[in-house]
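Engineer: What follows is upload.pdb; its format and atoms are PDB, C-alpha atoms and all ligand atoms.
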```pdb
ATOM      1  CA  MET A 151      21.136 -11.623  76.107
ATOM      2  CA  THR A 152      20.922  -7.806  76.300
ATOM      3  CA  ASP A 153      23.672  -6.059  78.199
ATOM      4  CA  PRO A 154      21.797  -3.878  80.752
ATOM      5  CA  VAL A 155      24.646  -1.348  80.908
ATOM      6  CA  ARG A 156      24.669  -0.889  77.175
ATOM      7  CA  GLU A 157      20.872  -0.741  77.129
ATOM      8  CA  GLN A 158      20.868   1.985  79.781
ATOM      9  CA  TYR A 159      23.373   4.213  78.002
ATOM     10  CA  GLU A 160      21.785   3.683  74.610
ATOM     11  CA  LEU A 161      18.405   4.751  75.980
ATOM     12  CA  TYR A 162      19.776   7.489  78.200
ATOM     13  CA  PRO A 163      23.164   8.813  77.012
ATOM     14  CA  TYR A 164      24.979  10.289  79.970
ATOM     15  CA  PRO A 165      25.606  13.004  80.899
ATOM     16  CA  PRO A 166      22.909  14.754  78.823
ATOM     17  CA  ARG A 167      24.603  17.256  76.512
ATOM     18  CA  ASP A 168      23.487  19.522  73.676
ATOM     19  CA  PRO A 169      26.173  19.984  70.989
ATOM     20  CA  ARG A 170      24.937  23.550  70.392
ATOM     21  CA  ASP A 171      26.271  24.480  73.840
ATOM     22  CA  GLU A 172      29.831  24.062  72.543
ATOM     23  CA  ALA A 173      29.490  27.560  71.100
ATOM     24  CA  LYS A 174      29.004  28.917  74.633
ATOM     25  CA  ARG A 175      31.395  27.071  76.932
ATOM     26  CA  LEU A 176      34.038  24.355  77.357
ATOM     27  CA  ILE A 177      33.336  21.895  80.172
ATOM     28  CA  GLN A 178      36.548  21.369  82.123
ATOM     29  CA  GLY A 179      37.461  19.534  85.298
ATOM     30  CA  SER A 180      38.933  16.357  86.733
ATOM     31  CA  PRO A 181      40.029  13.825  85.691
ATOM     32  CA  SER A 182      41.957  14.673  82.539
ATOM     33  CA  HIS A 183      42.407  18.418  82.608
ATOM     34  CA  ILE A 184      45.689  18.915  80.770
ATOM     35  CA  LEU A 185      47.294  20.620  83.781
ATOM     36  CA  GLU A 186      46.294  17.698  86.000
ATOM     37  CA  ILE A 187      47.732  15.191  83.531
ATOM     38  CA  ASN A 188      51.006  17.060  83.272
ATOM     39  CA  HIS A 189      51.285  17.476  87.047
ATOM     40  CA  TYR A 190      50.353  13.995  88.258
ATOM     41  CA  VAL A 191      51.430  11.788  85.392
ATOM     42  CA  PHE A 192      54.428  13.607  83.950
ATOM     43  CA  GLY A 193      55.747  15.602  86.909
ATOM     44  CA  GLY A 194      55.090  18.845  85.017
ATOM     45  CA  ARG A 195      57.660  17.971  82.341
ATOM     46  CA  ARG A 196      55.474  16.858  79.422
ATOM     47  CA  ASP A 197      56.157  18.734  76.188
ATOM     48  CA  PHE A 198      52.782  18.919  74.484
ATOM     49  CA  THR A 199      54.326  20.055  71.216
ATOM     50  CA  GLN A 200      55.388  16.399  70.848
ATOM     51  CA  PRO A 201      52.980  13.607  69.769
ATOM     52  CA  PHE A 202      50.533  12.529  72.460
ATOM     53  CA  ARG A 203      48.049   9.636  72.384
ATOM     54  CA  ALA A 204      45.115   9.451  74.794
ATOM     55  CA  LEU A 205      42.321   6.918  75.225
ATOM     56  CA  ILE A 206      38.989   7.993  76.691
ATOM     57  CA  ALA A 207      37.538   4.663  77.819
ATOM     58  CA  GLY A 208      33.773   4.860  78.281
ATOM     59  CA  GLY A 209      33.719   8.363  76.808
ATOM     60  CA  GLY A 210      29.942   8.821  77.164
ATOM     61  CA  THR A 211      28.638  11.999  75.567
ATOM     62  CA  GLY A 212      32.146  13.385  75.290
ATOM     63  CA  ASP A 213      33.049  15.585  78.272
ATOM     64  CA  GLY A 214      36.592  14.234  78.736
ATOM     65  CA  THR A 215      37.201  13.774  75.016
ATOM     66  CA  ILE A 216      36.142  17.289  74.069
ATOM     67  CA  MET A 217      37.999  18.940  76.957
ATOM     68  CA  LEU A 218      41.290  17.198  76.262
ATOM     69  CA  ALA A 219      41.080  17.466  72.473
ATOM     70  CA  GLN A 220      40.410  21.200  72.760
ATOM     71  CA  GLN A 221      43.210  21.769  75.266
ATOM     72  CA  LEU A 222      45.687  19.829  73.102
ATOM     73  CA  GLN A 223      44.583  21.659  69.967
ATOM     74  CA  ASP A 224      45.028  24.993  71.738
ATOM     75  CA  ARG A 225      48.623  23.917  72.458
ATOM     76  CA  HIS A 226      49.165  22.832  68.835
ATOM     77  CA  CYS A 227      49.862  19.287  69.990
ATOM     78  CA  PRO A 228      50.042  16.590  67.302
ATOM     79  CA  ALA A 229      47.632  14.450  69.309
ATOM     80  CA  GLU A 230      45.431  11.477  68.685
ATOM     81  CA  ILE A 231      42.530  10.916  71.054
ATOM     82  CA  VAL A 232      40.653   7.654  70.841
ATOM     83  CA  TYR A 233      37.096   7.781  72.176
ATOM     84  CA  LEU A 234      35.669   4.363  73.076
ATOM     85  CA  ASP A 235      32.156   3.548  74.307
ATOM     86  CA  LEU A 236      29.516   0.826  74.103
ATOM     87  CA  SER A 237      26.713   3.232  73.310
ATOM     88  CA  GLU A 238      26.179   4.429  69.727
ATOM     89  CA  PRO A 239      23.809   7.268  70.726
ATOM     90  CA  SER A 240      26.395   8.574  73.240
ATOM     91  CA  ARG A 241      29.032   8.464  70.534
ATOM     92  CA  GLY A 242      26.700  10.394  68.204
ATOM     93  CA  ILE A 243      26.461  13.235  70.720
ATOM     94  CA  ALA A 244      30.227  13.246  71.316
ATOM     95  CA  GLU A 245      30.865  13.321  67.555
ATOM     96  CA  ALA A 246      28.460  16.232  67.089
ATOM     97  CA  ARG A 247      30.230  18.150  69.869
ATOM     98  CA  ALA A 248      33.628  17.533  68.267
ATOM     99  CA  SER A 249      32.322  18.630  64.920
ATOM    100  CA  ALA A 250      30.791  21.800  66.444
ATOM    101  CA  ARG A 251      34.285  22.706  67.667
ATOM    102  CA  GLY A 252      36.109  21.619  64.523
ATOM    103  CA  LEU A 253      38.227  19.115  66.479
ATOM    104  CA  GLN A 254      40.067  16.831  64.061
ATOM    105  CA  SER A 255      42.230  14.741  66.389
ATOM    106  CA  ILE A 256      39.561  12.356  67.687
ATOM    107  CA  ARG A 257      39.004   8.813  66.461
ATOM    108  CA  PHE A 258      35.634   7.399  67.513
ATOM    109  CA  VAL A 259      35.340   3.688  68.256
ATOM    110  CA  THR A 260      32.278   1.739  69.425
ATOM    111  CA  GLY A 261      32.950  -1.296  71.619
ATOM    112  CA  SER A 262      33.849  -2.530  75.075
ATOM    113  CA  LEU A 263      37.025  -1.601  76.882
ATOM    114  CA  LEU A 264      37.251  -5.290  77.805
ATOM    115  CA  GLU A 265      38.067  -5.969  74.145
ATOM    116  CA  LEU A 266      40.836  -3.376  73.950
ATOM    117  CA  THR A 267      43.654  -5.810  73.332
ATOM    118  CA  ALA A 268      41.895  -7.340  70.327
ATOM    119  CA  MET A 269      41.143  -3.878  68.901
ATOM    120  CA  ARG A 270      44.851  -3.214  68.284
ATOM    121  CA  LEU A 271      44.592   0.510  68.897
ATOM    122  CA  GLY A 272      48.219   0.802  69.998
ATOM    123  CA  GLU A 273      49.629   2.173  73.256
ATOM    124  CA  PHE A 274      48.513   5.328  74.996
ATOM    125  CA  ASP A 275      50.369   8.010  76.944
ATOM    126  CA  TYR A 276      47.253   8.685  78.961
ATOM    127  CA  ILE A 277      43.922   6.965  79.642
ATOM    128  CA  ASP A 278      40.775   8.608  81.035
ATOM    129  CA  CYS A 279      38.222   6.279  82.609
ATOM    130  CA  CYS A 280      35.659   8.355  84.477
ATOM    131  CA  GLY A 281      32.597   6.724  85.998
ATOM    132  CA  VAL A 282      32.942   3.482  84.047
ATOM    133  CA  LEU A 283      34.784   0.663  85.838
ATOM    134  CA  HIS A 284      32.135   0.231  88.531
ATOM    135  CA  HIS A 285      29.666  -0.726  85.776
ATOM    136  CA  LEU A 286      31.644  -3.839  84.927
ATOM    137  CA  PRO A 287      30.958  -7.231  86.499
ATOM    138  CA  ASP A 288      34.687  -7.405  87.247
ATOM    139  CA  PRO A 289      36.120  -3.878  87.574
ATOM    140  CA  ALA A 290      39.640  -5.223  88.157
ATOM    141  CA  ALA A 291      39.499  -6.971  84.763
ATOM    142  CA  GLY A 292      38.560  -3.614  83.218
ATOM    143  CA  LEU A 293      41.491  -1.925  84.905
ATOM    144  CA  ALA A 294      43.815  -4.695  83.699
ATOM    145  CA  ALA A 295      42.539  -4.186  80.128
ATOM    146  CA  LEU A 296      43.401  -0.496  80.397
ATOM    147  CA  ARG A 297      46.832  -1.220  81.847
ATOM    148  CA  HIS A 298      47.525  -3.477  78.917
ATOM    149  CA  VAL A 299      47.348  -0.599  76.435
ATOM    150  CA  LEU A 300      49.078   1.990  78.640
ATOM    151  CA  SER A 301      52.642   2.933  77.723
ATOM    152  CA  ASP A 302      55.307   2.373  80.382
ATOM    153  CA  SER A 303      55.657   6.101  81.012
ATOM    154  CA  GLY A 304      51.922   6.792  80.884
ATOM    155  CA  GLY A 305      49.172   7.183  83.474
ATOM    156  CA  ILE A 306      45.451   6.821  84.064
ATOM    157  CA  GLY A 307      42.864   9.331  85.278
ATOM    158  CA  LEU A 308      40.260   7.271  87.081
ATOM    159  CA  MET A 309      36.956   7.948  88.812
ATOM    160  CA  VAL A 310      34.822   5.313  90.514
ATOM    161  CA  TYR A 311      31.787   5.991  92.649
ATOM    162  CA  GLY A 312      32.596   6.712  96.287
ATOM    163  CA  ALA A 313      30.439   5.232  99.052
ATOM    164  CA  TYR A 314      30.470   8.247 101.343
ATOM    165  CA  GLY A 315      30.047  10.877  98.615
ATOM    166  CA  ARG A 316      26.937   9.009  97.503
ATOM    167  CA  THR A 317      25.295   8.811 100.908
ATOM    168  CA  GLY A 318      21.559   8.591 100.339
ATOM    169  CA  VAL A 319      21.749   7.090  96.871
ATOM    170  CA  TYR A 320      21.722   3.478  97.950
ATOM    171  CA  HIS A 321      18.718   3.836 100.241
ATOM    172  CA  VAL A 322      16.604   5.176  97.403
ATOM    173  CA  GLN A 323      18.010   2.618  94.948
ATOM    174  CA  GLU A 324      16.985  -0.140  97.305
ATOM    175  CA  VAL A 325      13.421   1.129  97.676
ATOM    176  CA  LEU A 326      13.091   1.431  93.898
ATOM    177  CA  ARG A 327      14.478  -2.036  93.388
ATOM    178  CA  HIS A 328      11.867  -3.490  95.718
ATOM    179  CA  LEU A 329       9.025  -1.568  94.135
ATOM    180  CA  GLY A 330       9.811  -1.841  90.457
ATOM    181  CA  HIS A 331      12.601  -4.237  89.706
ATOM    182  CA  GLN A 332      10.714  -5.946  86.896
ATOM    183  CA  ASP A 333       9.460  -2.816  85.211
ATOM    184  CA  ALA A 334      10.609  -1.543  81.809
ATOM    185  CA  PRO A 335      13.015   1.449  81.931
ATOM    186  CA  ALA A 336      10.326   4.070  81.265
ATOM    187  CA  ALA A 337       8.105   2.679  84.058
ATOM    188  CA  LYS A 338      11.065   2.611  86.451
ATOM    189  CA  LEU A 339      11.719   6.256  85.673
ATOM    190  CA  ASP A 340       8.117   7.148  86.344
ATOM    191  CA  LEU A 341       8.261   5.354  89.681
ATOM    192  CA  ALA A 342      11.489   7.139  90.605
ATOM    193  CA  ARG A 343      10.027  10.546  89.771
ATOM    194  CA  ARG A 344       6.999   9.840  91.943
ATOM    195  CA  LEU A 345       9.137   8.646  94.829
ATOM    196  CA  LEU A 346      11.449  11.673  94.597
ATOM    197  CA  LYS A 347       8.453  14.000  94.927
ATOM    198  CA  GLN A 348       7.489  12.311  98.185
ATOM    199  CA  LEU A 349      10.830  12.101  99.956
ATOM    200  CA  PRO A 350      10.765  13.997 103.238
ATOM    201  CA  PRO A 351      13.313  16.786 103.799
ATOM    202  CA  THR A 352      15.067  14.553 106.326
ATOM    203  CA  ASN A 353      15.842  11.873 103.715
ATOM    204  CA  TRP A 354      19.600  11.283 103.248
ATOM    205  CA  LEU A 355      19.463  11.887  99.506
ATOM    206  CA  GLN A 356      17.643  15.187 100.024
ATOM    207  CA  ARG A 357      20.268  16.217 102.556
ATOM    208  CA  ASN A 358      23.323  15.390 100.466
ATOM    209  CA  PRO A 359      24.269  18.694  98.799
ATOM    210  CA  PHE A 360      26.805  17.054  96.480
ATOM    211  CA  LEU A 361      24.272  15.052  94.490
ATOM    212  CA  GLY A 362      22.190  16.816  91.893
ATOM    213  CA  ASP A 363      21.787  14.532  88.891
ATOM    214  CA  HIS A 364      18.269  13.503  89.968
ATOM    215  CA  LEU A 365      17.293  17.175  90.000
ATOM    216  CA  LYS A 366      19.212  18.618  87.051
ATOM    217  CA  ALA A 367      20.182  15.906  84.579
ATOM    218  CA  GLY A 368      16.794  14.737  83.307
ATOM    219  CA  ASP A 369      15.921  11.081  82.660
ATOM    220  CA  ALA A 370      19.579  10.162  82.108
ATOM    221  CA  GLY A 371      20.545  11.640  85.472
ATOM    222  CA  ILE A 372      17.773   9.876  87.408
ATOM    223  CA  TYR A 373      18.501   6.574  85.713
ATOM    224  CA  ASP A 374      22.232   6.809  86.262
ATOM    225  CA  LEU A 375      21.952   7.778  89.902
ATOM    226  CA  LEU A 376      19.009   5.748  91.149
ATOM    227  CA  LEU A 377      18.045   2.949  88.811
ATOM    228  CA  ARG A 378      21.221   1.056  88.242
ATOM    229  CA  GLY A 379      20.860  -2.521  89.338
ATOM    230  CA  ILE A 380      23.937  -3.108  91.484
ATOM    231  CA  ARG A 381      25.790  -1.602  94.409
ATOM    232  CA  ASP A 382      28.857  -0.138  92.860
ATOM    233  CA  GLU A 383      30.639   2.129  95.277
ATOM    234  CA  TYR A 384      34.180   2.139  96.610
ATOM    235  CA  VAL A 385      35.272   3.432  99.992
ATOM    236  CA  ASP A 386      38.502   4.571  98.384
ATOM    237  CA  GLY A 387      40.164   4.076  95.023
ATOM    238  CA  LEU A 388      42.711   1.630  96.381
ATOM    239  CA  GLU A 389      40.025  -1.008  96.933
ATOM    240  CA  LEU A 390      40.152  -1.299  93.190
ATOM    241  CA  ASP A 391      43.520  -2.951  92.888
ATOM    242  CA  LEU A 392      45.757  -0.353  91.307
ATOM    243  CA  ARG A 393      48.684  -2.736  91.060
ATOM    244  CA  SER A 394      49.858  -3.790  87.655
ATOM    245  CA  PRO A 395      49.299  -7.402  86.562
ATOM    246  CA  VAL A 396      52.912  -8.124  87.539
ATOM    247  CA  GLY A 397      52.429  -6.680  91.004
ATOM    248  CA  GLU A 398      54.214  -3.377  90.518
ATOM    249  CA  ARG A 399      52.498  -0.632  92.500
ATOM    250  CA  ARG A 400      52.420   2.803  90.999
ATOM    251  CA  PRO A 401      49.400   4.743  92.232
ATOM    252  CA  GLU A 402      51.431   7.939  91.853
ATOM    253  CA  ARG A 403      50.649   7.772  88.160
ATOM    254  CA  CYS A 404      46.934   7.807  88.796
ATOM    255  CA  CYS A 405      44.873  10.896  89.228
ATOM    256  CA  GLY A 406      41.188  11.493  89.650
ATOM    257  CA  ARG A 407      38.425  11.831  92.108
ATOM    258  CA  SER A 408      38.479   8.445  93.767
ATOM    259  CA  GLY A 409      41.988   8.466  95.171
ATOM    260  CA  GLU A 410      44.051  10.776  97.272
ATOM    261  CA  ALA A 411      45.753  12.413  94.348
ATOM    262  CA  ARG A 412      43.831  15.388  93.121
ATOM    263  CA  LEU A 413      44.981  18.582  91.488
ATOM    264  CA  PRO A 414      43.484  21.738  92.978
ATOM    265  CA  LEU A 415      42.468  22.969  89.551
ATOM    266  CA  ASP A 416      40.842  26.078  90.909
ATOM    267  CA  ARG A 417      44.296  27.206  91.959
ATOM    268  CA  CYS A 418      46.300  25.953  88.967
ATOM    269  CA  SER A 419      44.091  26.620  85.973
ATOM    270  CA  ASP A 420      44.140  29.878  84.089
ATOM    271  CA  GLU A 421      40.856  28.926  82.472
ATOM    272  CA  PRO A 422      37.349  28.718  83.920
ATOM    273  CA  HIS A 423      36.083  25.273  84.853
ATOM    274  CA  ARG A 424      32.755  23.871  85.861
ATOM    275  CA  GLY A 425      30.795  25.553  88.613
ATOM    276  CA  ALA A 426      30.294  24.624  92.192
ATOM    277  CA  ARG A 427      31.361  21.003  92.160
ATOM    278  CA  SER A 428      34.935  21.671  91.124
ATOM    279  CA  PRO A 429      37.260  19.987  90.548
ATOM    280  CA  GLY A 430      35.030  17.077  89.447
ATOM    281  CA  ARG A 431      34.328  16.888  85.718
ATOM    282  CA  GLY A 432      31.082  15.629  84.249
ATOM    283  CA  GLY A 433      27.831  14.852  85.882
ATOM    284  CA  ALA A 434      29.080  11.495  87.124
ATOM    285  CA  GLY A 435      27.998  12.439  90.636
ATOM    286  CA  GLY A 436      29.442  11.390  93.926
ATOM    287  CA  GLY A 437      32.880  10.293  92.865
ATOM    288  CA  ALA A 438      34.760  10.435  96.101
TER
HETATM  289  C1  LIG B 501      28.519   7.283  83.744
HETATM  290  S1  LIG B 501      28.895   7.280  82.020
HETATM  291  C2  LIG B 501      30.389   8.258  82.057
HETATM  292  C3  LIG B 501      30.712   8.917  80.745
HETATM  293  C4  LIG B 501      31.992   9.722  80.705
HETATM  294  N1  LIG B 501      33.145   8.933  81.063
HETATM  295  C5  LIG B 501      31.912  10.945  81.607
HETATM  296  O1  LIG B 501      32.616  11.013  82.609
HETATM  297  O2  LIG B 501      31.129  11.845  81.284
HETATM  298  C6  LIG B 501      29.523   5.638  81.754
HETATM  299  C7  LIG B 501      29.845   5.333  80.288
HETATM  300  O3  LIG B 501      30.613   4.137  80.234
HETATM  301  C8  LIG B 501      30.199   3.391  79.116
HETATM  302  N2  LIG B 501      30.580   1.984  79.350
HETATM  303  C9  LIG B 501      30.122   1.138  80.304
HETATM  304  N3  LIG B 501      30.726  -0.060  80.206
HETATM  305  C10 LIG B 501      31.603   0.036  79.174
HETATM  306  C11 LIG B 501      32.528  -0.865  78.573
HETATM  307  N4  LIG B 501      32.655  -2.117  79.003
HETATM  308  N5  LIG B 501      33.262  -0.430  77.529
HETATM  309  C12 LIG B 501      33.127   0.841  77.059
HETATM  310  N6  LIG B 501      32.264   1.734  77.582
HETATM  311  C13 LIG B 501      31.505   1.339  78.628
HETATM  312  C14 LIG B 501      28.702   3.626  79.058
HETATM  313  O4  LIG B 501      28.158   3.316  77.787
HETATM  314  C15 LIG B 501      28.625   5.110  79.434
HETATM  315  O5  LIG B 501      28.659   5.933  78.285
END
```
Produce structure tokens that represent the structure in this file.
Ligand SMILES: C[S@@+](CC[C@H](N)C(=O)[O-])C[C@H]1O[C@@H](n2cnc3c(N)ncnc32)[C@H](O)[C@@H]1O
Structural biologist:
Amino acid sequence: MTDPVREQYELYPYPPRDPRDEAKRLIQGSPSHILEINHYVFGGRRDFTQPFRALIAGGGTGDGTIMLAQQLQDRHCPAEIVYLDLSEPSRGIAEARASARGLQSIRFVTGSLLELTAMRLGEFDYIDCCGVLHHLPDPAAGLAALRHVLSDSGGIGLMVYGAYGRTGVYHVQEVLRHLGHQDAPAAKLDLARRLLKQLPPTNWLQRNPFLGDHLKAGDAGIYDLLLRGIRDEYVDGLELDLRSPVGERRPERCCGRSGEARLPLDRCSDEPHRGARSPGRGGAGGGA
């Protein structure tokens, strides 16, 4: 049976990125900015001249991978970054971006994060998982798989969709599900575009200024925001059980948009980061 998540991201790699843009800018933000990692995971004491291993789980078209690899390279860190994703076309875009920047420290792997243990990739000092766990039938099992390959002193940068930040999304998703649930992806997209044109200015989605993927991120943005089959939001990150499999609670080692912990990058960074929606990273809209 086809995996609908894989099918979606193979047809519509997300977020849409053009490797040629690497010559013009570096996309930076949260989770996984190097300053955020050092602050929240390592209490500001990490020495990035020492070896550092990071896993980008569900790396998509490469935003987190490219940002972190570039930041570590700039600090001359002997790093290894493992990019993992289900979608070959997404990986292709991420690889082209890395090659455009001459980044050598990235290992690209295609597969599911649920199979991490069997992949024998070793332990990681840091794991980025941005906009991925809510796609799984059992997000807690995904988190447990990540915890299994995290070193004892390491931490995770996590983003899951937030119910309140995505106000308006679920109304439109529901309408589209009723109207076109059996359609092929291209027909669903056509339906969504037609519906979007007819939404009144009072519609919740129209009035939510934090959501823009349906306006700016092409087919991939519309599909990701409005045509996913399931409700997938969290009221806060702690609904996703952040305890370890043995019951130890250590949310202080988590950072990212879904929880309380968030680095005010606009105050800490000496480098520019992405525009108005700071400090969120990619186009994975409505995180918190
Ligand atoms: C919304 S995109 C986010 C991409 C990237 N993390 C970012 O923030 O730009 C979700 C990605 O997770 C990947 N994905 C979903 N389920 C996965 C799984 N079980 N294992 C690995 N990747 C998965 C999809 O293929 C897709 O590229």
Engineer: When you draw a straight line from atom C3 of ligand LIG 501 (chain B) to CA of Gly209 in chain A, how long is it in Å?
Structural biologist: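 The value is 5.0 Å.
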Engineer: Taking the file as I've supplied it (selection: the PyMOL selection byres (((not hetatm)) within 8 of (chain B and resi 501))), which residues are included? Please answer as a compact mmCIF listing (two decimals) with C-alpha atoms, in the coordinates of the input.
Structural biologist:
```
# COMPACT_ATOMS: atom_id res chain seq x y z
CA VAL A 155 24.65 -1.35 80.91
CA ARG A 156 24.67 -0.89 77.18
CA GLN A 158 20.87 1.98 79.78
CA TYR A 159 23.37 4.21 78.00
CA GLU A 160 21.78 3.68 74.61
CA PRO A 163 23.16 8.81 77.01
CA TYR A 164 24.98 10.29 79.97
CA PRO A 165 25.61 13.00 80.90
CA ILE A 206 38.99 7.99 76.69
CA ALA A 207 37.54 4.66 77.82
CA GLY A 208 33.77 4.86 78.28
CA GLY A 209 33.72 8.36 76.81
CA GLY A 210 29.94 8.82 77.16
CA THR A 211 28.64 12.00 75.57
CA GLY A 212 32.15 13.38 75.29
CA ASP A 213 33.05 15.58 78.27
CA GLY A 214 36.59 14.23 78.74
CA LEU A 234 35.67 4.36 73.08
CA ASP A 235 32.16 3.55 74.31
CA LEU A 236 29.52 0.83 74.10
CA SER A 237 26.71 3.23 73.31
CA SER A 240 26.40 8.57 73.24
CA THR A 260 32.28 1.74 69.42
CA GLY A 261 32.95 -1.30 71.62
CA SER A 262 33.85 -2.53 75.08
CA LEU A 263 37.02 -1.60 76.88
CA LEU A 264 37.25 -5.29 77.81
CA ASP A 278 40.78 8.61 81.04
CA CYS A 279 38.22 6.28 82.61
CA CYS A 280 35.66 8.36 84.48
CA GLY A 281 32.60 6.72 86.00
CA VAL A 282 32.94 3.48 84.05
CA LEU A 283 34.78 0.66 85.84
CA HIS A 285 29.67 -0.73 85.78
CA LEU A 286 31.64 -3.84 84.93
CA GLY A 292 38.56 -3.61 83.22
CA ASP A 374 22.23 6.81 86.26
CA ARG A 431 34.33 16.89 85.72
CA GLY A 432 31.08 15.63 84.25
CA GLY A 433 27.83 14.85 85.88
CA ALA A 434 29.08 11.50 87.12
```
Engineer: What does the structure give for the distance between CA of Pro359 in chain A and CA of Arg344 in chain A, in Å to one decimal?
Structural biologist: 20.6 Å
Engineer: Here is a test: counting all atoms listed in the file, which residue of A:Val319, A:Leu376, A:Ala290, A:Ala248 is nearest to Arg357 in chain A?
Structural biologist: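 Checking each candidate against Arg357 in chain A, we get A:Val319 as the closest.
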Engineer: Nearest to Ala295 in chain A: which of A:Asp275, A:Ala313, A:Gln254, A:Thr267 is it, counting all atoms listed in the file?
Structural biologist: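 Answer, going by the shortest atom-to-atom distance: A:Thr267.
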Engineer: Smallest atom-to-atom distance to His328 in chain A: which of A:Arg167, A:Leu377, A:Pro350, A:Gly179, using only C-alpha atoms?
Structural biologist: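 Of A:Arg167, A:Leu377, A:Pro350, A:Gly179, the one nearest His328 in chain A, counting only C-alpha atoms, is A:Leu377.
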